[in-house]
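One structure below.
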Amino acid sequence: PVGAFVAGLAAQIIGSSEVDLDCERTEVRGRETNCGNLIADAHLAAARAQAPAFGLDVPQIAIMNGGGIRGEVDQLAGPISIADTFRLQPFANFVAIAEDVPAETLRQIIEEGAIRLPASGDGGFVHVSEGTTLVIDPSFPARVANQSTGVQTSPGQRVRELVLADGTVVVQDGVTQAVTVDVAGLNFSLNGGDAFPAVPNTTVGLTDQQSLERFVRESLGGQVTAADYPRGGEGRLTIR
């Protein structure tokens with residue numbers, strides 16, 4: 001019965017991609033990928049659509065942890081099924097919104113994901129949504145925190161630039177700015193998973209898989225293009 005159900009999900013095609021999506025483990029845990037970008041964009045779109053119904057601020061950015069992207073192999077160009085969205089987002093985490101996150105807290109979330117750079121392999125590596133500009137320099141000190149509790153011993157200094165799609169400057173020349181940010185992400189991450197600093201957040205009624213499925217089917221009209229999601233990303237993230 002389980003096999004028949006999974007086969008049924010695989011038969012339900014929601015769209016197609018004209019480009020291979022780089023979803024392999026070492027890729028999504030250490031560099032910008034079109035797979036990570038697609039999923040971050042999906043969760044931002046879901047959070048923005050749901051925010052008014054929950055009386056929440058519309059988020060300015062979405063973050064997606066590389067460890068939450070599974071499948072372990074690239075999603076090859078061609079049809080995308082519901083089964084594929086479950087393969088890539090299998091954990092049933094919920095899209096959530098954290099309002100008025102201090103800039104330094106958002107920075108340290110991203111810093112935690114950069115602790116092993118330039119090597120790949122950290123599940124906390126952060127992908128960011130469209131329009132965000134992020135520059136990381138691994139020559140600067142990494143964040144030091146208890147990997148079980150997330151309690152920080154010393155802040156990271158590797159995030160050198162962070163500018164949001166709406167123009168909000170969060171970090172400039174390595175200096176954190178005096179702003180707050182409305183952030184979308186999965187509740188796992190915002191609740192302190194991957195040793196991230198935890199922030200108060202509200203889930204908005206969609207799982208990670210539902211968010212990705214709706215984005216491909218509805219927001220993208222069923223078509224993932226190479227222009228929007230080129231292999232290697234379009235330059236949201238620069239690692240010096």
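Each chain in the structure tokens gets a letter, A, B, ..., in the order shown, and its residues are numbered from 1; ligands are numbered from 1 in order too.
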Those of segment 48-200 of chain A in DSSP alpha helix (DSSP H), formatted as number ranges by chain: A: 48-50, 82-88, 103-113, 187-190
Show which residues sit within 10 Å of segment 20-31 of chain A, as a PyMOL selection string. Count only C-alpha atoms, and ignore same-chain residues fewer than 5 positions away. chain A and resi 36-38+64-78+88+113-114+116-127+224-226+229-233+237-239
Just write the chosen residues, N, CA and C atoms, as a short mmCIF file (atom, residue, chain, number, x, y, z; two decimals), in the first residue's frame.
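That gives us result39.cif:
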```cif
data_model
loop_
_atom_site.label_atom_id
_atom_site.label_comp_id
_atom_site.auth_asym_id
_atom_site.auth_seq_id
_atom_site.Cartn_x
_atom_site.Cartn_y
_atom_site.Cartn_z
N GLY A 36 18.72 25.40 -3.63
CA GLY A 36 18.52 26.15 -2.39
C GLY A 36 17.79 27.45 -2.63
N ASN A 37 18.12 28.13 -3.72
CA ASN A 37 17.44 29.39 -4.05
C ASN A 37 15.95 29.17 -4.30
N LEU A 38 15.63 28.12 -5.05
CA LEU A 38 14.23 27.81 -5.36
C LEU A 38 13.44 27.58 -4.08
N MET A 64 16.88 29.40 4.32
CA MET A 64 16.66 27.96 4.21
C MET A 64 17.96 27.24 4.54
N ASN A 65 17.91 26.37 5.55
CA ASN A 65 19.11 25.64 5.94
C ASN A 65 19.39 24.50 4.97
N GLY A 66 20.66 24.36 4.61
CA GLY A 66 21.05 23.33 3.66
C GLY A 66 20.73 21.93 4.13
N GLY A 67 20.79 21.70 5.45
CA GLY A 67 20.50 20.38 5.99
C GLY A 67 19.05 19.98 5.84
N GLY A 68 18.18 20.96 5.61
CA GLY A 68 16.76 20.67 5.42
C GLY A 68 16.41 20.32 3.99
N ILE A 69 17.39 20.39 3.08
CA ILE A 69 17.18 20.03 1.69
C ILE A 69 17.70 18.61 1.50
N ARG A 70 16.82 17.69 1.20
CA ARG A 70 17.24 16.30 1.06
C ARG A 70 17.06 15.84 -0.37
N GLY A 71 17.07 14.56 -0.55
CA GLY A 71 17.07 14.02 -1.89
C GLY A 71 18.42 13.46 -2.24
N GLU A 72 19.48 14.18 -1.77
CA GLU A 72 20.86 13.72 -1.87
C GLU A 72 21.40 13.66 -3.30
N VAL A 73 20.56 13.81 -4.29
CA VAL A 73 21.01 13.82 -5.69
C VAL A 73 20.37 15.02 -6.38
N ASP A 74 20.94 15.41 -7.51
CA ASP A 74 20.38 16.53 -8.25
C ASP A 74 19.00 16.18 -8.79
N GLN A 75 18.14 17.20 -8.87
CA GLN A 75 16.85 17.06 -9.53
C GLN A 75 17.08 17.38 -11.00
N LEU A 76 17.08 16.36 -11.83
CA LEU A 76 17.42 16.56 -13.23
C LEU A 76 16.34 17.32 -13.98
N ALA A 77 16.75 18.03 -15.01
CA ALA A 77 15.80 18.75 -15.85
C ALA A 77 14.73 17.80 -16.34
N GLY A 78 13.50 18.31 -16.39
CA GLY A 78 12.37 17.48 -16.81
C GLY A 78 11.21 17.64 -15.87
N LEU A 88 12.60 16.39 -1.67
CA LEU A 88 13.45 17.54 -1.36
C LEU A 88 13.11 18.18 -0.02
N GLY A 113 25.84 29.08 10.03
CA GLY A 113 25.91 28.24 8.84
C GLY A 113 27.22 28.35 8.09
N ALA A 114 28.04 29.34 8.45
CA ALA A 114 29.30 29.57 7.74
C ALA A 114 30.51 29.09 8.53
N ARG A 116 32.03 26.28 8.94
CA ARG A 116 32.96 25.32 8.35
C ARG A 116 33.52 25.76 7.00
N LEU A 117 33.07 26.87 6.50
CA LEU A 117 33.57 27.34 5.21
C LEU A 117 35.07 27.62 5.31
N PRO A 118 35.82 27.39 4.23
CA PRO A 118 35.35 27.10 2.87
C PRO A 118 34.99 25.63 2.63
N ALA A 119 35.15 24.75 3.63
CA ALA A 119 34.71 23.36 3.45
C ALA A 119 33.20 23.28 3.49
N SER A 120 32.65 22.32 2.77
CA SER A 120 31.22 22.07 2.78
C SER A 120 30.89 21.11 3.92
N GLY A 121 29.61 20.95 4.20
CA GLY A 121 29.21 19.91 5.13
C GLY A 121 28.36 20.34 6.29
N ASP A 122 28.13 21.65 6.48
CA ASP A 122 27.34 22.07 7.62
C ASP A 122 25.87 22.19 7.26
N GLY A 123 25.01 21.50 8.03
CA GLY A 123 23.57 21.54 7.76
C GLY A 123 22.95 22.89 7.98
N GLY A 124 23.62 23.75 8.74
CA GLY A 124 23.09 25.08 9.00
C GLY A 124 23.43 26.10 7.92
N PHE A 125 24.16 25.68 6.89
CA PHE A 125 24.49 26.61 5.80
C PHE A 125 23.22 27.25 5.27
N VAL A 126 23.22 28.57 5.12
CA VAL A 126 21.98 29.30 4.84
C VAL A 126 21.89 29.72 3.38
N HIS A 127 20.75 29.38 2.76
CA HIS A 127 20.37 29.91 1.46
C HIS A 127 19.39 31.06 1.70
N VAL A 224 10.11 25.94 -14.05
CA VAL A 224 11.36 26.42 -13.45
C VAL A 224 12.33 26.67 -14.59
N THR A 225 12.69 27.93 -14.78
CA THR A 225 13.52 28.29 -15.94
C THR A 225 14.99 28.44 -15.55
N ALA A 226 15.83 28.25 -16.56
CA ALA A 226 17.26 28.45 -16.36
C ALA A 226 17.58 29.93 -16.14
N TYR A 229 16.65 30.39 -12.40
CA TYR A 229 17.39 29.52 -11.49
C TYR A 229 18.55 28.84 -12.21
N PRO A 230 19.55 29.64 -12.59
CA PRO A 230 20.72 29.05 -13.28
C PRO A 230 21.54 28.18 -12.33
N ARG A 231 22.20 27.20 -12.87
CA ARG A 231 23.08 26.37 -12.05
C ARG A 231 24.17 27.24 -11.44
N GLY A 232 24.43 27.03 -10.15
CA GLY A 232 25.39 27.85 -9.45
C GLY A 232 24.79 29.11 -8.85
N GLY A 233 23.51 29.34 -9.14
CA GLY A 233 22.85 30.54 -8.61
C GLY A 233 23.15 31.77 -9.43
N LEU A 237 24.80 34.93 -3.18
CA LEU A 237 25.81 34.68 -2.16
C LEU A 237 27.20 34.66 -2.79
N THR A 238 28.10 35.45 -2.22
CA THR A 238 29.50 35.43 -2.62
C THR A 238 30.33 34.96 -1.45
N ILE A 239 31.13 33.92 -1.67
CA ILE A 239 32.09 33.46 -0.66
C ILE A 239 33.47 33.82 -1.14
#
```
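Around His43 of chain A, within 9 Å and counting only C-alpha atoms, the residues found are Leu38, Ile39, Ala40, Ala46, Ala47, Arg48, Ala62, Ile63, Met64, Val95, Ala96, Ser129, Ala184, Gly185, Leu186, Asp208, Ser211, Leu212 and Phe215 of chain A, once anything fewer than 3 positions away on its own chain is removed.
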Spatial neighbours of Val159 of chain A, 9 Å, only C-alpha atoms, chain gap at least 6 places, as a ChimeraX atom specification: /A:107-108,110-111,114,134-138,140,171-175
Residues near Thr180 of chain A, cut-off 10 Å, only C-alpha atoms, skip fewer than 6 positions along chain, as a compact mmCIF listing (two decimals) with C-alpha atoms, in the first residue's frame:
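Result file follows (around-v5.txt):
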```
# COMPACT_ATOMS: atom_id res chain seq x y z
CA GLU A 99 8.94 39.54 13.35
CA ASP A 100 11.38 42.32 14.22
CA VAL A 101 14.47 40.14 14.47
CA PRO A 102 17.46 42.25 15.53
CA ALA A 103 20.02 42.58 12.75
CA GLU A 104 22.76 41.00 14.86
CA THR A 105 20.59 37.96 15.58
CA LEU A 106 19.91 37.43 11.87
CA THR A 168 17.51 47.32 3.94
CA VAL A 170 21.70 44.60 7.67
```
Between atom CA of Ser148 of chain A and atom CA of Phe91 of chain A, what is the distance, to one decimal in Å?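 Value for the atom CA of Ser148 of chain A-atom CA of Phe91 of chain A distance: 19.7 Å.
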